[in-house]
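Remarks on the structure that follows.
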Amino acid sequence: PGVPENFLWLKSALTEFGRLKGDKREYGEKAYKKLYGDLVANKQVWMHFFQRNQTHTGDTCLILEQLAHIYSARGKWDDCAGVLEYWEALIDIVRKLNLSHSKQYDLSCMADHSEHRCKLIQHEMHEALGRPDLNAPVLRQLIRLERSPNLQGIPESIQNKTNWDRFAEMYQTTASIKLPSTSIERLSDEDVAKVLVKTAEVSKSVKSAFPQFFQGIDASKTKQDAKMSLLSCAYCGKDESYLGELKKCTRCKEAVYCNRECQLAGWPSHKKDCNKSKKPKKPKKSKNK
């Protein structure tokens, strides 16, 4: 009783998540999207279920995190925002259950790490949308989380407290305005937002004036995001609806097709490129001494 009708979709998504290791987990997108669609369509039923099942709530956070990464890499910020909102709600449930006497496990460490990753994507989204002012509460929360014993492994050089100190110094230098305090805890959200907006403008100007210094960073991110890009059939042009939907040419491993029919129809034009792409076989070593 109380188990959502499509509970097995959660199991299916988790199976894909566990089967696909490391940087291949985006290929479970079909299962993740199917689950998320049901989470939204039957939110009341699922939320009632999550409020009594700590472990399943934590598992669902993993799936939504992966989906948020996929949408953020594609710049699908409306879709990403919806996933982030649901993900945050589940993190809150995990924290509340963790304080109750009926908790199954201590998931405080998992909750801190999950919320930290959620806020990082939210921070990236606001910057991409040209709204750094919205990152004032986000930055506060990131700094608070990074002080948790559960997140002590983050190098100081990339902690958001270090970034904030740089922002505050840059703001006072470029805007010629002295802040009431450089401590983010002692500033209002309005003051923090002013700092973030000004430093975003300065950073944009510097990047525009000296693009050569940022080429490596931009190229690395572009390469990472490209892994999440949906492909199109090399013959009919149909787009994928999820990663891995179209099948690669088994010869060159580059062109993708809807099905065998499209591959056969496209072979005359693809043949030349396919032969160029195919790596030559290494000559076998002679057995003669």
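Ligands are numbered from 1 in the order shown, residues from 1 within each chain, and chains are lettered A, B, ... in the order they appear in the structure tokens.
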Tell me which protein, DNA and RNA residues are within 12 Å of Gly266 in chain A, counting only C-alpha atoms, leaving out same-chain ones fewer than 3 positions away, and put them as number ranges by chain. A: 233-237, 249, 255-263, 269-274
Could you save the residues just selected, with N, CA, C and O atoms, as a tab-separated table (two decimals), in the first residue's frame?
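Result written to selection-v4.tsv:
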chain	number	residue	atom	x	y	z
A	233	CYS	N	20.21	11.40	-37.35
A	233	CYS	CA	20.41	10.31	-38.31
A	233	CYS	C	21.14	10.86	-39.54
A	233	CYS	O	20.76	11.87	-40.11
A	234	ALA	N	22.20	10.17	-39.94
A	234	ALA	CA	23.02	10.62	-41.07
A	234	ALA	C	22.26	10.53	-42.40
A	234	ALA	O	22.69	11.13	-43.39
A	235	TYR	N	21.13	9.82	-42.41
A	235	TYR	CA	20.38	9.69	-43.68
A	235	TYR	C	19.14	10.58	-43.69
A	235	TYR	O	19.01	11.44	-44.56
A	236	CYS	N	18.24	10.41	-42.72
A	236	CYS	CA	16.97	11.15	-42.76
A	236	CYS	C	16.98	12.42	-41.93
A	236	CYS	O	16.09	13.25	-42.04
A	237	GLY	N	17.99	12.58	-41.05
A	237	GLY	CA	18.10	13.80	-40.25
A	237	GLY	C	17.27	13.81	-38.98
A	237	GLY	O	17.26	14.81	-38.26
A	249	CYS	N	27.27	3.46	-36.86
A	249	CYS	CA	27.79	2.58	-37.92
A	249	CYS	C	28.86	1.70	-37.28
A	249	CYS	O	29.79	2.20	-36.63
A	255	ALA	N	29.09	7.85	-37.81
A	255	ALA	CA	27.75	8.12	-38.31
A	255	ALA	C	26.72	7.32	-37.52
A	255	ALA	O	27.00	6.20	-37.09
A	256	VAL	N	25.54	7.91	-37.30
A	256	VAL	CA	24.47	7.21	-36.58
A	256	VAL	C	23.22	7.16	-37.45
A	256	VAL	O	22.99	8.03	-38.30
A	257	TYR	N	22.40	6.14	-37.22
A	257	TYR	CA	21.21	5.92	-38.03
A	257	TYR	C	20.03	5.49	-37.16
A	257	TYR	O	20.21	4.90	-36.09
A	258	CYS	N	18.82	5.78	-37.67
A	258	CYS	CA	17.59	5.39	-36.97
A	258	CYS	C	17.47	3.87	-36.89
A	258	CYS	O	17.09	3.31	-35.87
A	259	ASN	N	17.77	3.22	-38.00
A	259	ASN	CA	17.57	1.78	-38.12
A	259	ASN	C	18.39	1.26	-39.31
A	259	ASN	O	19.10	2.03	-39.98
A	260	ARG	N	18.26	-0.01	-39.56
A	260	ARG	CA	19.02	-0.62	-40.66
A	260	ARG	C	18.60	-0.08	-42.02
A	260	ARG	O	19.41	0.07	-42.93
A	261	GLU	N	17.31	0.24	-42.14
A	261	GLU	CA	16.80	0.76	-43.41
A	261	GLU	C	17.50	2.08	-43.77
A	261	GLU	O	17.93	2.29	-44.92
A	262	CYS	N	17.60	2.98	-42.79
A	262	CYS	CA	18.28	4.26	-43.03
A	262	CYS	C	19.76	4.04	-43.34
A	262	CYS	O	20.35	4.72	-44.18
A	263	GLN	N	20.37	3.10	-42.63
A	263	GLN	CA	21.79	2.84	-42.85
A	263	GLN	C	22.04	2.32	-44.26
A	263	GLN	O	22.99	2.76	-44.93
A	269	SER	N	26.26	7.23	-50.07
A	269	SER	CA	26.90	8.53	-49.80
A	269	SER	C	27.86	8.45	-48.61
A	269	SER	O	28.81	9.24	-48.51
A	270	HIS	N	27.63	7.52	-47.71
A	270	HIS	CA	28.47	7.42	-46.51
A	270	HIS	C	29.72	6.58	-46.74
A	270	HIS	O	30.72	6.73	-46.02
A	271	LYS	N	29.70	5.75	-47.77
A	271	LYS	CA	30.77	4.77	-47.99
A	271	LYS	C	32.15	5.41	-48.03
A	271	LYS	O	33.10	4.94	-47.39
A	272	LYS	N	32.27	6.50	-48.77
A	272	LYS	CA	33.58	7.16	-48.93
A	272	LYS	C	34.10	7.67	-47.59
A	272	LYS	O	35.26	7.45	-47.23
A	273	ASP	N	33.23	8.39	-46.83
A	273	ASP	CA	33.64	8.93	-45.53
A	273	ASP	C	33.92	7.80	-44.54
A	273	ASP	O	34.81	7.91	-43.69
A	274	CYS	N	33.15	6.75	-44.63
A	274	CYS	CA	33.31	5.63	-43.72
A	274	CYS	C	34.69	4.99	-43.90
A	274	CYS	O	35.36	4.67	-42.92
Per DSSP on the backbone, filter range 160-208 of chain A down to the residues in helix (DSSP H, G or I) and report them as a compact mmCIF listing (two decimals) with N, CA, C and O atoms, in the first residue's frame.
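Contents of part15.txt, freshly written:
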# COMPACT_ATOMS: atom_id res chain seq x y z
N ASN A 160 34.04 27.93 -2.64
CA ASN A 160 33.31 29.16 -2.94
C ASN A 160 33.65 30.30 -1.98
O ASN A 160 33.48 31.46 -2.33
N LYS A 161 34.14 29.97 -0.78
CA LYS A 161 34.60 31.01 0.14
C LYS A 161 35.80 31.73 -0.47
O LYS A 161 35.91 32.96 -0.41
N THR A 162 36.70 30.97 -1.09
CA THR A 162 37.87 31.56 -1.76
C THR A 162 37.42 32.42 -2.93
O THR A 162 37.93 33.54 -3.14
N ASN A 163 36.46 31.91 -3.71
CA ASN A 163 35.93 32.68 -4.84
C ASN A 163 35.30 33.98 -4.36
O ASN A 163 35.48 35.05 -4.97
N TRP A 164 34.53 33.90 -3.27
CA TRP A 164 33.87 35.09 -2.75
C TRP A 164 34.89 36.15 -2.33
O TRP A 164 34.71 37.34 -2.60
N ASP A 165 35.95 35.73 -1.66
CA ASP A 165 36.98 36.69 -1.23
C ASP A 165 37.56 37.42 -2.45
O ASP A 165 37.81 38.63 -2.39
N ARG A 166 37.75 36.69 -3.55
CA ARG A 166 38.26 37.32 -4.78
C ARG A 166 37.23 38.30 -5.35
O ARG A 166 37.57 39.39 -5.81
N PHE A 167 35.96 37.89 -5.34
CA PHE A 167 34.89 38.75 -5.85
C PHE A 167 34.81 40.05 -5.06
O PHE A 167 34.70 41.14 -5.64
N ALA A 168 34.86 39.93 -3.74
CA ALA A 168 34.75 41.11 -2.88
C ALA A 168 35.91 42.07 -3.13
O ALA A 168 35.71 43.29 -3.21
N GLU A 169 37.11 41.53 -3.27
CA GLU A 169 38.28 42.37 -3.53
C GLU A 169 38.17 43.03 -4.91
O GLU A 169 38.47 44.22 -5.06
N MET A 170 37.75 42.26 -5.91
CA MET A 170 37.60 42.80 -7.27
C MET A 170 36.55 43.91 -7.30
O MET A 170 36.74 44.94 -7.95
N TYR A 171 35.46 43.69 -6.57
CA TYR A 171 34.37 44.68 -6.55
C TYR A 171 34.85 46.00 -5.96
O TYR A 171 34.60 47.08 -6.52
N GLN A 172 35.53 45.93 -4.83
CA GLN A 172 35.98 47.16 -4.16
C GLN A 172 37.03 47.89 -5.00
O GLN A 172 37.11 49.11 -4.95
N THR A 173 37.80 47.13 -5.78
CA THR A 173 38.83 47.74 -6.63
C THR A 173 38.22 48.38 -7.87
O THR A 173 38.53 49.54 -8.21
N THR A 174 37.35 47.65 -8.56
CA THR A 174 36.81 48.14 -9.85
C THR A 174 35.67 49.14 -9.66
O THR A 174 35.52 50.06 -10.46
N ILE A 184 30.70 37.46 3.80
CA ILE A 184 29.40 37.30 3.15
C ILE A 184 28.28 37.15 4.17
O ILE A 184 27.13 37.53 3.91
N GLU A 185 28.61 36.62 5.36
CA GLU A 185 27.59 36.45 6.40
C GLU A 185 27.08 37.78 6.94
O GLU A 185 25.96 37.86 7.45
N ARG A 186 27.89 38.83 6.82
CA ARG A 186 27.52 40.13 7.39
C ARG A 186 26.91 41.08 6.35
O ARG A 186 26.57 42.21 6.68
N ASP A 189 21.60 40.27 1.10
CA ASP A 189 21.53 39.65 -0.23
C ASP A 189 21.68 40.70 -1.32
O ASP A 189 22.25 40.44 -2.38
N GLU A 190 21.18 41.90 -1.04
CA GLU A 190 21.28 43.00 -2.02
C GLU A 190 22.74 43.37 -2.27
O GLU A 190 23.15 43.56 -3.42
N ASP A 191 23.54 43.47 -1.20
CA ASP A 191 24.96 43.81 -1.35
C ASP A 191 25.71 42.69 -2.06
O ASP A 191 26.57 42.94 -2.92
N VAL A 192 25.41 41.46 -1.70
CA VAL A 192 26.07 40.31 -2.34
C VAL A 192 25.73 40.28 -3.83
O VAL A 192 26.60 40.05 -4.67
N ALA A 193 24.47 40.55 -4.15
CA ALA A 193 24.04 40.55 -5.56
C ALA A 193 24.78 41.63 -6.35
O ALA A 193 25.19 41.40 -7.50
N LYS A 194 24.99 42.81 -5.75
CA LYS A 194 25.73 43.88 -6.42
C LYS A 194 27.15 43.44 -6.76
O LYS A 194 27.67 43.71 -7.84
N VAL A 195 27.78 42.75 -5.80
CA VAL A 195 29.14 42.25 -6.01
C VAL A 195 29.16 41.25 -7.17
O VAL A 195 30.02 41.32 -8.05
N LEU A 196 28.22 40.34 -7.18
CA LEU A 196 28.19 39.30 -8.20
C LEU A 196 27.91 39.86 -9.59
O LEU A 196 28.50 39.41 -10.58
N VAL A 197 27.04 40.85 -9.66
CA VAL A 197 26.72 41.47 -10.95
C VAL A 197 27.94 42.21 -11.49
O VAL A 197 28.30 42.08 -12.67
N LYS A 198 28.59 42.99 -10.62
CA LYS A 198 29.75 43.79 -11.04
C LYS A 198 30.91 42.89 -11.46
O LYS A 198 31.54 43.12 -12.51
N THR A 199 31.20 41.85 -10.67
CA THR A 199 32.32 40.98 -11.00
C THR A 199 32.03 40.16 -12.27
O THR A 199 32.96 39.84 -13.02
N ALA A 200 30.77 39.86 -12.53
CA ALA A 200 30.40 39.15 -13.77
C ALA A 200 30.67 40.04 -14.97
O ALA A 200 31.16 39.58 -16.01
N GLU A 201 30.37 41.34 -14.83
CA GLU A 201 30.62 42.29 -15.92
C GLU A 201 32.12 42.42 -16.18
O GLU A 201 32.57 42.44 -17.34
N VAL A 202 32.90 42.51 -15.10
CA VAL A 202 34.36 42.64 -15.24
C VAL A 202 34.94 41.38 -15.87
O VAL A 202 35.79 41.46 -16.78
N SER A 203 34.50 40.23 -15.42
CA SER A 203 35.01 38.96 -15.95
C SER A 203 34.69 38.83 -17.44
O SER A 203 35.52 38.35 -18.22
N LYS A 204 33.50 39.27 -17.82
CA LYS A 204 33.10 39.21 -19.23
C LYS A 204 33.99 40.10 -20.09
O LYS A 204 34.41 39.73 -21.19
N SER A 205 34.30 41.29 -19.56
CA SER A 205 35.17 42.24 -20.29
C SER A 205 36.58 41.69 -20.45
O SER A 205 37.20 41.80 -21.52
N VAL A 206 37.10 41.10 -19.37
CA VAL A 206 38.46 40.53 -19.41
C VAL A 206 38.51 39.37 -20.39
O VAL A 206 39.46 39.24 -21.18
N LYS A 207 37.49 38.54 -20.37
CA LYS A 207 37.44 37.39 -21.27
C LYS A 207 37.37 37.83 -22.73
O LYS A 207 37.97 37.23 -23.61
N SER A 208 36.64 38.92 -22.96
CA SER A 208 36.50 39.45 -24.32
C SER A 208 37.82 40.07 -24.81
O SER A 208 38.18 39.95 -25.98
Contact residues around Trp77 in chain A with only C-alpha atoms at 9 Å, ignoring same-chain residues under 4 positions, as an MDAnalysis selection string: chainID A and resid 71:72 81:82 125 128:129
Pick from A:Ala68, A:Ala89, A:Ala73, A:Ala265 nearest to Thr222 in chain A, counting only C-alpha atoms: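 Nearest candidate to Thr222 in chain A out of A:Ala68, A:Ala89, A:Ala73, A:Ala265: A:Ala73.
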Close residues, His69 in chain A itself excluded, 9 Å, only C-alpha atoms, min 3 positions apart in chain, as a ChimeraX atom specification: /A:26,64-66,72-74,80,121,228
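Restricting the calculation to only C-alpha atoms, the smallest distance between Ala31 in chain A and any of A:Leu243, A:Met110, A:Leu264, A:Leu97 is found for A:Leu243.
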Nearest to Leu230 in chain A: which of A:Tyr105, A:Tyr242, A:Tyr27, A:Tyr36 is it, counting only C-alpha atoms?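 Among the listed residues, A:Tyr242 lies closest to Leu230 in chain A.
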If I take CA of Gln51 in chain A and CA of Arg147 in chain A, how far is one from the other in Å, to one decimal?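 Those two atoms sit 27.6 Å apart.
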